[in-house]
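Printed here is protein.cif (mmCIF, C-alpha atoms):
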data_final
#
loop_
_atom_site.label_atom_id
_atom_site.label_comp_id
_atom_site.auth_asym_id
_atom_site.auth_seq_id
_atom_site.Cartn_x
_atom_site.Cartn_y
_atom_site.Cartn_z
CA MET A 1 113.88 90.18 61.99
CA THR A 2 115.63 93.17 60.53
CA ARG A 3 118.86 91.35 59.83
CA SER A 4 120.42 92.56 56.59
CA THR A 5 120.19 90.68 53.33
CA GLN A 6 123.20 88.68 52.32
CA LEU A 7 125.17 90.75 49.85
CA THR A 8 126.63 88.75 46.99
CA PRO A 9 128.09 91.16 44.45
CA ASP A 10 127.55 90.36 40.78
CA PRO A 11 130.78 91.10 38.95
CA HIS A 12 128.85 92.05 35.83
CA LEU A 13 126.90 94.67 37.70
CA ASP A 14 128.73 95.67 40.83
CA LEU A 15 131.93 97.34 41.91
CA VAL A 16 133.70 96.49 45.12
CA LEU A 17 136.35 98.37 47.06
CA GLU A 18 137.67 96.35 49.98
CA ARG A 19 140.48 97.26 52.30
CA VAL A 20 141.56 97.13 55.91
CA VAL A 21 142.11 100.62 57.30
CA ASP A 22 143.72 101.55 60.57
CA VAL A 23 140.90 103.46 62.22
CA PRO A 24 138.19 101.82 64.27
CA PRO A 25 134.68 101.34 62.84
CA GLU A 26 133.26 104.06 65.07
CA LEU A 27 135.41 106.66 63.39
CA VAL A 28 134.75 105.39 59.89
CA TRP A 29 131.08 105.59 60.75
CA ALA A 30 131.45 109.15 61.99
CA ALA A 31 133.23 110.08 58.78
CA TRP A 32 130.33 108.81 56.74
CA THR A 33 127.53 110.20 58.89
CA GLU A 34 128.60 113.61 60.15
CA PRO A 35 128.47 116.30 57.44
CA GLU A 36 131.42 118.24 58.85
CA HIS A 37 133.55 115.14 58.54
CA LEU A 38 132.11 113.95 55.27
CA LYS A 39 132.68 117.24 53.46
CA GLN A 40 136.36 116.86 54.15
CA TRP A 41 136.97 113.50 52.50
CA PHE A 42 134.02 112.52 50.34
CA THR A 43 135.28 113.73 46.95
CA PRO A 44 138.76 113.09 45.57
CA LEU A 45 140.66 116.35 45.50
CA PRO A 46 140.73 118.73 43.68
CA TRP A 47 136.97 118.09 43.67
CA GLN A 48 135.27 119.33 46.81
CA THR A 49 132.10 118.52 48.69
CA VAL A 50 130.77 121.97 49.53
CA ASP A 51 127.46 121.00 51.13
CA CYS A 52 126.04 117.94 52.83
CA GLU A 53 122.73 117.13 54.51
CA ILE A 54 122.18 113.92 56.44
CA ASP A 55 119.07 112.56 58.13
CA LEU A 56 120.40 109.26 59.36
CA ARG A 57 117.48 106.85 59.19
CA PRO A 58 115.75 104.76 56.54
CA GLY A 59 114.18 107.13 54.05
CA GLY A 60 116.14 110.06 55.46
CA ILE A 61 117.80 112.50 53.09
CA PHE A 62 121.38 112.12 52.00
CA ARG A 63 122.30 115.17 49.96
CA THR A 64 125.68 116.37 48.81
CA VAL A 65 126.92 119.10 46.49
CA MET A 66 130.18 118.34 44.72
CA ARG A 67 132.19 121.16 43.19
CA SER A 68 134.47 120.57 40.22
CA PRO A 69 137.92 122.12 40.01
CA GLU A 70 136.39 124.60 37.53
CA GLY A 71 133.83 125.67 40.12
CA ARG A 72 130.78 123.87 38.75
CA ASP A 73 128.42 122.43 41.37
CA PHE A 74 126.85 118.98 41.09
CA PRO A 75 124.04 118.31 43.58
CA ASN A 76 123.11 114.75 44.48
CA VAL A 77 120.09 113.73 46.49
CA GLY A 78 118.92 110.35 47.67
CA CYS A 79 117.92 108.55 50.83
CA TYR A 80 119.22 106.03 53.31
CA LEU A 81 117.90 102.49 53.16
CA GLU A 82 119.65 100.79 56.06
CA VAL A 83 121.35 102.35 59.07
CA VAL A 84 123.12 99.87 61.35
CA PRO A 85 125.39 102.02 63.51
CA ASN A 86 129.04 101.25 63.06
CA ARG A 87 128.17 98.32 60.83
CA ARG A 88 126.15 98.98 57.72
CA LEU A 89 124.88 102.00 55.85
CA VAL A 90 122.87 101.69 52.67
CA TRP A 91 121.60 104.54 50.57
CA THR A 92 120.48 105.06 47.00
CA GLY A 93 120.01 107.82 44.48
CA ALA A 94 117.28 105.71 42.86
CA LEU A 95 114.83 106.84 45.53
CA LEU A 96 114.27 110.36 46.76
CA PRO A 97 114.02 111.24 50.45
CA GLY A 98 111.07 109.44 52.00
CA PHE A 99 111.75 106.57 49.55
CA ARG A 100 109.87 108.36 46.77
CA PRO A 101 110.72 106.99 43.31
CA PRO A 102 112.25 109.66 41.12
CA ALA A 103 111.22 110.54 37.60
CA HIS A 104 113.23 108.82 34.93
CA ASP A 105 115.77 111.25 33.56
CA PRO A 106 117.38 110.38 30.24
CA ASN A 107 120.30 112.58 31.27
CA VAL A 108 121.14 110.36 34.24
CA PRO A 109 123.59 107.79 32.87
CA PHE A 110 123.01 105.35 35.71
CA ARG A 111 121.68 105.17 39.24
CA PHE A 112 123.20 103.15 42.01
CA THR A 113 122.76 101.89 45.53
CA ALA A 114 125.80 101.86 47.76
CA VAL A 115 126.41 99.49 50.63
CA ILE A 116 129.09 100.37 53.13
CA SER A 117 130.09 97.50 55.40
CA LEU A 118 132.43 97.83 58.36
CA GLU A 119 134.00 95.06 60.40
CA PRO A 120 136.44 95.41 63.27
CA ALA A 121 139.90 94.22 62.22
CA GLY A 122 142.39 94.39 65.09
CA THR A 123 142.49 98.05 66.03
CA GLY A 124 141.14 98.99 62.62
CA THR A 125 138.30 98.23 60.25
CA LYS A 126 137.69 95.96 57.33
CA TYR A 127 135.97 98.42 55.04
CA THR A 128 133.93 97.34 52.05
CA ALA A 129 132.05 99.62 49.69
CA THR A 130 129.82 97.79 47.24
CA VAL A 131 128.00 99.76 44.59
CA LEU A 132 125.04 98.17 42.84
CA HIS A 133 124.01 99.21 39.35
CA THR A 134 120.96 98.67 37.22
CA ASP A 135 122.79 96.94 34.40
CA GLU A 136 126.20 96.15 33.04
CA GLU A 137 126.18 99.35 31.00
CA GLY A 138 125.74 101.36 34.18
CA ARG A 139 128.54 99.53 35.94
CA LYS A 140 130.86 100.04 32.97
CA LYS A 141 130.07 103.75 32.80
CA HIS A 142 130.78 104.15 36.49
CA GLU A 143 133.99 102.17 36.23
CA ALA A 144 135.13 104.18 33.19
CA MET A 145 134.42 107.37 35.14
CA GLY A 146 137.12 106.21 37.54
CA PHE A 147 135.27 104.43 40.30
CA HIS A 148 138.30 102.58 41.63
CA SER A 149 140.66 105.52 41.69
CA GLY A 150 138.00 107.96 42.86
CA TRP A 151 136.56 105.91 45.67
CA GLY A 152 140.03 104.67 46.57
CA LYS A 153 141.34 108.19 46.83
CA ALA A 154 138.35 109.29 48.86
CA SER A 155 138.93 106.36 51.20
CA ASP A 156 142.53 107.41 51.62
CA GLN A 157 141.28 110.85 52.58
CA LEU A 158 138.82 109.35 55.00
CA VAL A 159 141.61 107.48 56.75
CA VAL A 160 143.90 110.49 56.87
CA LEU A 161 141.14 112.66 58.31
CA MET A 162 139.98 110.22 60.92
CA THR A 163 143.48 109.32 61.96
CA LYS A 164 143.98 113.01 62.71
CA VAL A 165 140.68 113.13 64.56
CA ALA A 166 141.70 110.11 66.62
CA SER A 167 145.05 111.65 67.53
CA GLY A 168 143.43 114.91 68.59
CA SER A 169 145.55 116.86 66.11
CA HIS A 170 142.67 117.68 63.79
CA VAL A 171 141.44 121.23 63.51
CA SER A 172 138.16 121.39 61.61
CA MET B 1 118.77 105.83 65.47
CA THR B 2 116.65 103.85 63.09
CA ARG B 3 113.43 105.65 63.93
CA SER B 4 111.25 106.04 60.86
CA THR B 5 110.98 109.22 58.87
CA GLN B 6 107.92 111.35 59.45
CA LEU B 7 105.46 110.57 56.71
CA THR B 8 103.60 113.61 55.43
CA PRO B 9 101.60 112.61 52.38
CA ASP B 10 101.53 115.04 49.47
CA PRO B 11 97.98 115.12 48.12
CA HIS B 12 99.27 115.82 44.63
CA LEU B 13 101.40 112.71 44.67
CA ASP B 14 100.10 110.29 47.24
CA LEU B 15 97.07 108.16 47.96
CA VAL B 16 95.96 107.32 51.45
CA LEU B 17 93.60 104.64 52.72
CA GLU B 18 92.92 104.98 56.43
CA ARG B 19 90.52 102.98 58.52
CA VAL B 20 90.14 101.35 61.90
CA VAL B 21 89.68 97.60 61.57
CA ASP B 22 88.65 95.17 64.25
CA VAL B 23 91.63 92.84 64.29
CA PRO B 24 94.75 93.46 66.33
CA PRO B 25 97.96 94.71 64.71
CA GLU B 26 99.64 91.33 65.10
CA LEU B 27 97.12 89.71 62.80
CA VAL B 28 97.19 92.50 60.25
CA TRP B 29 100.95 92.10 60.25
CA ALA B 30 100.65 88.34 59.72
CA ALA B 31 98.27 88.95 56.82
CA TRP B 32 100.82 91.16 55.13
CA THR B 33 103.89 89.07 55.83
CA GLU B 34 102.92 85.41 55.51
CA PRO B 35 102.43 84.32 51.89
CA GLU B 36 99.71 81.82 52.71
CA HIS B 37 97.69 84.59 54.29
CA LEU B 38 98.57 87.25 51.75
CA LYS B 39 97.55 85.16 48.75
CA GLN B 40 94.07 85.01 50.19
CA TRP B 41 93.33 88.70 50.44
CA PHE B 42 95.87 90.73 48.49
CA THR B 43 93.95 91.19 45.22
CA PRO B 44 90.34 92.24 44.96
CA LEU B 45 88.30 89.30 43.69
CA PRO B 46 87.82 88.07 41.04
CA TRP B 47 91.54 88.82 40.65
CA GLN B 48 93.71 86.32 42.49
CA THR B 49 97.20 86.31 43.92
CA VAL B 50 98.51 82.93 42.81
CA ASP B 51 102.08 83.19 44.04
CA CYS B 52 103.91 85.16 46.71
CA GLU B 53 107.50 85.23 47.93
CA ILE B 54 108.53 87.17 51.03
CA ASP B 55 111.95 87.71 52.56
CA LEU B 56 111.01 89.98 55.41
CA ARG B 57 113.95 92.31 55.89
CA PRO B 58 115.27 95.48 54.27
CA GLY B 59 116.28 94.63 50.72
CA GLY B 60 114.47 91.30 50.89
CA ILE B 61 112.31 90.19 48.01
CA PHE B 62 108.60 90.88 47.88
CA ARG B 63 107.21 89.10 44.84
CA THR B 64 103.62 88.42 43.89
CA VAL B 65 101.86 87.07 40.82
CA MET B 66 98.37 88.41 40.23
CA ARG B 67 96.00 86.55 37.95
CA SER B 68 93.26 88.36 36.06
CA PRO B 69 89.76 86.94 35.77
CA GLU B 70 90.71 85.98 32.19
CA GLY B 71 93.65 83.93 33.49
CA ARG B 72 96.47 86.28 32.59
CA ASP B 73 99.33 86.45 35.11
CA PHE B 74 100.98 89.69 36.19
CA PRO B 75 104.20 89.25 38.17
CA ASN B 76 105.45 92.01 40.45
CA VAL B 77 108.82 92.10 42.13
CA GLY B 78 110.31 94.58 44.53
CA CYS B 79 111.95 94.72 47.92
CA TYR B 80 111.24 95.72 51.48
CA LEU B 81 112.65 98.97 52.78
CA GLU B 82 111.54 99.03 56.40
CA VAL B 83 110.33 96.17 58.57
CA VAL B 84 109.12 97.22 62.02
CA PRO B 85 107.17 94.21 63.28
CA ASN B 86 103.54 94.94 63.91
CA ARG B 87 104.12 98.60 63.19
CA ARG B 88 105.54 99.56 59.84
CA LEU B 89 106.32 97.82 56.58
CA VAL B 90 107.73 99.68 53.62
CA TRP B 91 108.47 98.19 50.23
CA THR B 92 108.91 99.47 46.71
CA GLY B 93 108.79 98.25 43.16
CA ALA B 94 111.27 100.98 42.26
CA LEU B 95 114.13 98.86 43.59
CA LEU B 96 114.73 95.20 42.91
CA PRO B 97 115.61 92.71 45.66
CA GLY B 98 118.86 93.69 47.30
CA PHE B 99 117.89 97.33 46.65
CA ARG B 100 119.16 97.15 43.06
CA PRO B 101 117.77 99.94 40.87
CA PRO B 102 115.73 98.56 37.99
CA ALA B 103 116.09 99.45 34.35
CA HIS B 104 113.73 102.15 33.18
CA ASP B 105 110.88 100.53 31.33
CA PRO B 106 108.74 102.80 29.15
CA ASN B 107 105.96 100.25 29.53
CA VAL B 108 105.76 100.78 33.30
CA PRO B 109 103.23 103.58 33.75
CA PHE B 110 104.42 104.41 37.26
CA ARG B 111 106.35 102.96 40.16
CA PHE B 112 105.44 103.38 43.78
CA THR B 113 106.56 102.86 47.33
CA ALA B 114 103.99 101.70 49.81
CA VAL B 115 104.00 102.40 53.53
CA ILE B 116 101.76 100.33 55.74
CA SER B 117 101.32 101.77 59.23
CA LEU B 118 99.53 99.99 62.06
CA GLU B 119 98.49 101.41 65.39
CA PRO B 120 96.59 99.66 68.15
CA ALA B 121 93.05 101.05 68.42
CA GLY B 122 91.13 99.45 71.26
CA THR B 123 91.04 95.77 70.39
CA GLY B 124 91.68 96.60 66.76
CA THR B 125 94.10 98.49 64.54
CA LYS B 126 94.26 101.88 62.98
CA TYR B 127 95.44 100.84 59.54
CA THR B 128 96.96 103.29 57.09
CA ALA B 129 98.30 102.48 53.64
CA THR B 130 100.11 105.35 52.00
CA VAL B 131 101.35 104.94 48.44
CA LEU B 132 104.00 107.30 47.16
CA HIS B 133 104.34 108.07 43.46
CA THR B 134 106.98 109.68 41.32
CA ASP B 135 104.76 112.46 40.02
CA GLU B 136 101.19 113.60 39.83
CA GLU B 137 100.72 111.76 36.54
CA GLY B 138 101.63 108.50 38.27
CA ARG B 139 99.28 109.16 41.15
CA LYS B 140 96.44 109.99 38.75
CA LYS B 141 97.02 106.84 36.73
CA HIS B 142 96.96 104.74 39.86
CA GLU B 143 93.84 106.45 41.13
CA ALA B 144 92.11 106.06 37.77
CA MET B 145 93.00 102.36 37.84
CA GLY B 146 90.84 102.14 40.94
CA PHE B 147 93.22 102.49 43.84
CA HIS B 148 90.59 103.37 46.40
CA SER B 149 88.13 100.64 45.50
CA GLY B 150 90.84 98.08 44.88
CA TRP B 151 92.85 98.64 48.02
CA GLY B 152 89.67 99.15 50.00
CA LYS B 153 88.25 95.85 48.80
CA ALA B 154 91.51 94.08 49.49
CA SER B 155 91.49 95.55 52.99
CA ASP B 156 87.99 94.25 53.51
CA GLN B 157 89.23 90.83 52.52
CA LEU B 158 92.15 91.13 54.86
CA VAL B 159 89.81 91.84 57.74
CA VAL B 160 87.45 89.02 56.85
CA LEU B 161 90.31 86.56 56.59
CA MET B 162 92.04 87.55 59.78
CA THR B 163 88.82 87.69 61.73
CA LYS B 164 88.30 84.07 60.76
CA VAL B 165 91.87 83.25 61.70
CA ALA B 166 91.37 84.91 65.07
CA SER B 167 88.18 82.97 65.75
CA GLY B 168 89.82 79.68 64.87
CA SER B 169 87.19 79.03 62.19
CA HIS B 170 89.56 79.56 59.30
CA VAL B 171 90.56 76.58 57.16
CA SER B 172 93.44 77.51 54.89
#
Is it possible to express this structure as structure tokens?
Amino acid sequence: MTRSTQLTPDPHLDLVLERVVDVPPELVWAAWTEPEHLKQWFTPLPWQTVDCEIDLRPGGIFRTVMRSPEGRDFPNVGCYLEVVPNRRLVWTGALLPGFRPPAHDPNVPFRFTAVISLEPAGTGTKYTATVLHTDEEGRKKHEAMGFHSGWGKASDQLVVLMTKVASGSHVS
Amino acid sequence: MTRSTQLTPDPHLDLVLERVVDVPPELVWAAWTEPEHLKQWFTPLPWQTVDCEIDLRPGGIFRTVMRSPEGRDFPNVGCYLEVVPNRRLVWTGALLPGFRPPAHDPNVPFRFTAVISLEPAGTGTKYTATVLHTDEEGRKKHEAMGFHSGWGKASDQLVVLMTKVASGSHVS
């Protein structure tokens, strides 16, 4: 009944990062859903994630504050849409917590919904991040902002962090 | 894990219709989720719902076409956000099917997310429809359009229809 919709990315609108990483899905999930983990990998350095609030359920808040290398803070707030532990996490900035539609803001260049899909792959995870945009203009803006390098770098950080966590050598 | 968020309506932003109706939750659910039922009660007469498409899962399409008494058709498309059988159904027009954010349209006066909550009440259902808006202006527009009478009348129709269905006297 609550099976997920089939996700067929539209290359004109969507961006896809797909890779197999060598940490199990449970740890990738923890990295995405526990603020203390997330703050450590979510933004490509030298950007930092200095705050994070997670209420892990449909409509629950997902809030982060990103800090630029110059010290400027950029808050983001949205909500989760789907929470399938260790398998699928969907959130959007196009709806506020509680699913409330936000006011249109001409200063927001684009809004997106992100779908994180995890599949076991040997001892690791097939990890796919798909980001849906309103229109091709939004996708192009996001891509020009460095989606592939940014999300790729963040994913590298995720793997490094969780590998340390798995080995017991991580000190938070 | 996927428990719903607590819904606390904001009177400045939200509209609430709450009543106890004398059909069980399972039938109210069927009325909301089966197109052949929905088309028969969803719009207050003399408006009609002439088409309906339902893919009952998070991100799945919820599309209706309403026809005015003058014969003009008004299509609506959105997606489901939460599907808890017989208990909770959440959809929005602020996201397209697959959760894709829609383009801002200056001709759309407001967007909303609707939350339908059902609770057993004796042999019937405590039925609550809560409609979330972006801002007070949106809520006021919706209210001025006749939310209470329109949704109330539609709910009456729902009850009439499903009472007939329950008694076996309904011919579709």
Please provide chain A as a compact mmCIF listing (two decimals) with C-alpha atoms, in the coordinates of the input, once it has been superposed on chain B by least squares across all sequentially paired Cα atoms.
# COMPACT_ATOMS: atom_id res chain seq x y z
CA MET A 1 118.76 105.88 65.46
CA THR A 2 116.64 103.85 63.11
CA ARG A 3 113.42 105.64 63.93
CA SER A 4 111.26 106.02 60.84
CA THR A 5 110.98 109.22 58.86
CA GLN A 6 107.93 111.32 59.46
CA LEU A 7 105.46 110.56 56.71
CA THR A 8 103.61 113.60 55.43
CA PRO A 9 101.61 112.60 52.37
CA ASP A 10 101.52 115.05 49.47
CA PRO A 11 97.99 115.11 48.12
CA HIS A 12 99.28 115.82 44.63
CA LEU A 13 101.42 112.72 44.67
CA ASP A 14 100.13 110.29 47.24
CA LEU A 15 97.10 108.16 47.96
CA VAL A 16 95.98 107.33 51.45
CA LEU A 17 93.63 104.64 52.72
CA GLU A 18 92.95 105.00 56.43
CA ARG A 19 90.56 102.98 58.51
CA VAL A 20 90.15 101.36 61.89
CA VAL A 21 89.70 97.60 61.56
CA ASP A 22 88.66 95.18 64.24
CA VAL A 23 91.64 92.84 64.26
CA PRO A 24 94.75 93.45 66.32
CA PRO A 25 97.96 94.70 64.68
CA GLU A 26 99.64 91.32 65.08
CA LEU A 27 97.11 89.72 62.80
CA VAL A 28 97.19 92.51 60.25
CA TRP A 29 100.94 92.10 60.24
CA ALA A 30 100.64 88.36 59.71
CA ALA A 31 98.27 88.96 56.82
CA TRP A 32 100.81 91.17 55.13
CA THR A 33 103.89 89.06 55.84
CA GLU A 34 102.91 85.41 55.52
CA PRO A 35 102.43 84.32 51.89
CA GLU A 36 99.70 81.81 52.73
CA HIS A 37 97.69 84.59 54.29
CA LEU A 38 98.57 87.24 51.77
CA LYS A 39 97.54 85.16 48.76
CA GLN A 40 94.06 85.01 50.19
CA TRP A 41 93.32 88.72 50.45
CA PHE A 42 95.88 90.73 48.51
CA THR A 43 93.98 91.19 45.24
CA PRO A 44 90.34 92.25 44.97
CA LEU A 45 88.31 89.32 43.72
CA PRO A 46 87.81 88.07 41.04
CA TRP A 47 91.54 88.81 40.66
CA GLN A 48 93.71 86.32 42.49
CA THR A 49 97.20 86.29 43.93
CA VAL A 50 98.50 82.92 42.80
CA ASP A 51 102.09 83.17 44.05
CA CYS A 52 103.92 85.14 46.70
CA GLU A 53 107.51 85.21 47.94
CA ILE A 54 108.54 87.17 51.02
CA ASP A 55 111.96 87.71 52.56
CA LEU A 56 111.02 89.99 55.41
CA ARG A 57 113.97 92.33 55.87
CA PRO A 58 115.29 95.49 54.25
CA GLY A 59 116.28 94.64 50.70
CA GLY A 60 114.48 91.30 50.90
CA ILE A 61 112.31 90.19 48.00
CA PHE A 62 108.61 90.87 47.88
CA ARG A 63 107.21 89.09 44.85
CA THR A 64 103.63 88.42 43.89
CA VAL A 65 101.87 87.05 40.83
CA MET A 66 98.39 88.40 40.24
CA ARG A 67 96.01 86.54 37.95
CA SER A 68 93.27 88.35 36.06
CA PRO A 69 89.77 86.92 35.77
CA GLU A 70 90.72 85.97 32.19
CA GLY A 71 93.65 83.92 33.47
CA ARG A 72 96.48 86.29 32.59
CA ASP A 73 99.33 86.44 35.11
CA PHE A 74 100.98 89.69 36.20
CA PRO A 75 104.22 89.24 38.17
CA ASN A 76 105.45 92.00 40.45
CA VAL A 77 108.83 92.09 42.13
CA GLY A 78 110.34 94.57 44.52
CA CYS A 79 111.97 94.72 47.92
CA TYR A 80 111.25 95.73 51.48
CA LEU A 81 112.67 98.98 52.77
CA GLU A 82 111.55 99.04 56.39
CA VAL A 83 110.35 96.18 58.57
CA VAL A 84 109.12 97.22 62.02
CA PRO A 85 107.18 94.21 63.28
CA ASN A 86 103.55 94.93 63.91
CA ARG A 87 104.14 98.60 63.20
CA ARG A 88 105.54 99.57 59.84
CA LEU A 89 106.32 97.84 56.58
CA VAL A 90 107.74 99.69 53.61
CA TRP A 91 108.48 98.22 50.23
CA THR A 92 108.92 99.48 46.70
CA GLY A 93 108.81 98.25 43.14
CA ALA A 94 111.30 100.99 42.24
CA LEU A 95 114.13 98.86 43.58
CA LEU A 96 114.75 95.20 42.90
CA PRO A 97 115.61 92.71 45.63
CA GLY A 98 118.87 93.70 47.29
CA PHE A 99 117.89 97.35 46.64
CA ARG A 100 119.16 97.16 43.06
CA PRO A 101 117.77 99.95 40.86
CA PRO A 102 115.75 98.55 37.99
CA ALA A 103 116.10 99.47 34.34
CA HIS A 104 113.72 102.15 33.20
CA ASP A 105 110.87 100.53 31.33
CA PRO A 106 108.74 102.78 29.15
CA ASN A 107 105.95 100.23 29.53
CA VAL A 108 105.76 100.76 33.29
CA PRO A 109 103.22 103.56 33.75
CA PHE A 110 104.41 104.40 37.25
CA ARG A 111 106.35 102.97 40.15
CA PHE A 112 105.44 103.38 43.76
CA THR A 113 106.56 102.87 47.32
CA ALA A 114 103.97 101.71 49.81
CA VAL A 115 103.99 102.43 53.51
CA ILE A 116 101.77 100.36 55.74
CA SER A 117 101.32 101.78 59.23
CA LEU A 118 99.53 100.00 62.05
CA GLU A 119 98.48 101.42 65.39
CA PRO A 120 96.58 99.66 68.15
CA ALA A 121 93.04 101.04 68.42
CA GLY A 122 91.10 99.43 71.26
CA THR A 123 91.00 95.76 70.38
CA GLY A 124 91.68 96.59 66.75
CA THR A 125 94.08 98.50 64.55
CA LYS A 126 94.26 101.90 62.98
CA TYR A 127 95.43 100.88 59.53
CA THR A 128 96.95 103.32 57.09
CA ALA A 129 98.28 102.50 53.64
CA THR A 130 100.11 105.37 51.98
CA VAL A 131 101.34 104.95 48.44
CA LEU A 132 104.01 107.31 47.14
CA HIS A 133 104.35 108.07 43.45
CA THR A 134 106.99 109.68 41.32
CA ASP A 135 104.76 112.45 40.02
CA GLU A 136 101.20 113.63 39.82
CA GLU A 137 100.72 111.76 36.55
CA GLY A 138 101.63 108.52 38.28
CA ARG A 139 99.27 109.18 41.16
CA LYS A 140 96.44 110.02 38.77
CA LYS A 141 97.02 106.86 36.74
CA HIS A 142 96.96 104.75 39.87
CA GLU A 143 93.85 106.47 41.15
CA ALA A 144 92.09 106.07 37.78
CA MET A 145 93.00 102.38 37.85
CA GLY A 146 90.83 102.15 40.95
CA PHE A 147 93.22 102.51 43.84
CA HIS A 148 90.56 103.39 46.40
CA SER A 149 88.12 100.66 45.50
CA GLY A 150 90.83 98.08 44.89
CA TRP A 151 92.84 98.63 48.02
CA GLY A 152 89.65 99.15 50.00
CA LYS A 153 88.25 95.86 48.81
CA ALA A 154 91.50 94.08 49.52
CA SER A 155 91.48 95.54 53.02
CA ASP A 156 87.97 94.25 53.53
CA GLN A 157 89.22 90.82 52.53
CA LEU A 158 92.13 91.12 54.89
CA VAL A 159 89.79 91.83 57.78
CA VAL A 160 87.42 89.01 56.88
CA LEU A 161 90.30 86.55 56.61
CA MET A 162 92.01 87.53 59.81
CA THR A 163 88.80 87.68 61.75
CA LYS A 164 88.28 84.05 60.76
CA VAL A 165 91.84 83.23 61.72
CA ALA A 166 91.35 84.88 65.10
CA SER A 167 88.15 82.94 65.76
CA GLY A 168 89.78 79.64 64.86
CA SER A 169 87.17 78.99 62.18
CA HIS A 170 89.55 79.48 59.28
CA VAL A 171 90.55 76.54 57.15
CA SER A 172 93.42 77.43 54.85
Kindly assemble as a Markdown table a list of the region 20-122 of chain B residues that lie within 10 Å of region 149-159 of chain B, each paired with its nearest atom pair and their distance in Å to one decimal, using only C-alpha atoms, sorted first by chain and then by ascending residue number.
| residue | atom | partner | partner_atom | distance |
| --- | --- | --- | --- | --- |
| B:Val21 | CA | B:Val159 | CA | 6.9 |
| B:Asp22 | CA | B:Val159 | CA | 7.4 |
| B:Val23 | CA | B:Val159 | CA | 6.9 |
| B:Leu27 | CA | B:Val159 | CA | 9.1 |
| B:Val28 | CA | B:Leu158 | CA | 7.5 |
| B:Ala31 | CA | B:Leu158 | CA | 6.8 |
| B:Trp32 | CA | B:Leu158 | CA | 8.7 |
| B:His37 | CA | B:Leu158 | CA | 8.6 |
| B:Leu38 | CA | B:Leu158 | CA | 8.1 |
| B:Gln40 | CA | B:Gln157 | CA | 7.9 |
| B:Trp41 | CA | B:Gln157 | CA | 5.1 |
| B:Phe42 | CA | B:Ala154 | CA | 5.6 |
| B:Thr43 | CA | B:Ala154 | CA | 5.7 |
| B:Pro44 | CA | B:Ala154 | CA | 5.0 |
| B:Leu45 | CA | B:Ala154 | CA | 8.2 |
> Within 8 Å of chain B, which residues of chain A show up when using only C-alpha atoms, listed as a ChimeraX atom specification?
Replying inline: /A:1-5,7,56-60,81-85,94-95,98-104,111-113,132-135
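For the set B:Thr64, B:Ala144, B:Asn86, B:Val165, the residue with the smallest atom-to-atom gap to Ile116 (chain B) is B:Asn86, counting only C-alpha atoms.
We find CA of Glu34 (chain A) and CA of Val108 (chain A) to be spaced 27.2 Å apart.
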>> Let me make sure I understand: among A:His148, A:Lys164, A:Lys141, A:Arg87, which one has the smallest atom-to-atom distance to Tyr127 (chain A) if we use all atoms listed in the file?
In response: A:Arg87
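Atom pair CA of Pro120 (chain A) / CA of Glu18 (chain A): separated by 13.4 Å.
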> What does the distance between CA of Val77 (chain B) and CA of Lys140 (chain B) come to in Å, to one decimal place?
Replying inline: 22.0 Å
Determine the axis-aligned bounding box of all atoms of region 134-148 of chain A present in the file, pad each side by 5 Å, and express its centre and edge lengths in Å to one decimal place as JSON.
{"center_x": 129.6, "center_y": 101.8, "center_z": 36.3, "size_x": 27.3, "size_y": 21.2, "size_z": 20.6}
>> Using only C-alpha atoms, which protein or nucleic acid residues come within 9 Å of Pro69 (chain B)? Drop anything in the same chain fewer than 6 positions from it, and give the result as a PyMOL selection string.
In response: chain B and resi 45-48
> Where does the PyMOL selection byres ((chain A and resi 121) around 9) land in this file, that is, which residues does it pick, as a list in words?
Replying inline: Val20, Val21, Asp22, Pro24, Pro25, Glu119, Pro120, Gly122, Thr123, Gly124, Thr125 and Lys126 of chain A
>> Set the distance at 8 Å and use all atoms listed in the file: which residues neighbour Arg67 (chain A) once local chain neighbours fewer than 5 positions away are removed? I'd like the list as a ChimeraX atom specification.
In response: /A:47-50,72-74
Write the selection just made, keeping C-alpha atoms, as a PDB file, in the frame of the given file?
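Result written to out24.pdb:
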ATOM      1  CA  TRP A  47     136.970 118.090  43.670  1.00  0.00           C
ATOM      2  CA  GLN A  48     135.270 119.330  46.810  1.00  0.00           C
ATOM      3  CA  THR A  49     132.100 118.520  48.690  1.00  0.00           C
ATOM      4  CA  VAL A  50     130.770 121.970  49.530  1.00  0.00           C
ATOM      5  CA  ARG A  72     130.780 123.870  38.750  1.00  0.00           C
ATOM      6  CA  ASP A  73     128.420 122.430  41.370  1.00  0.00           C
ATOM      7  CA  PHE A  74     126.850 118.980  41.090  1.00  0.00           C
TER       8      PHE A  74
END
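Nearest residue to Phe147 (chain B), choosing from B:Glu26, B:Glu70, B:Leu17, B:Pro11 and counting only C-alpha atoms: B:Leu17.
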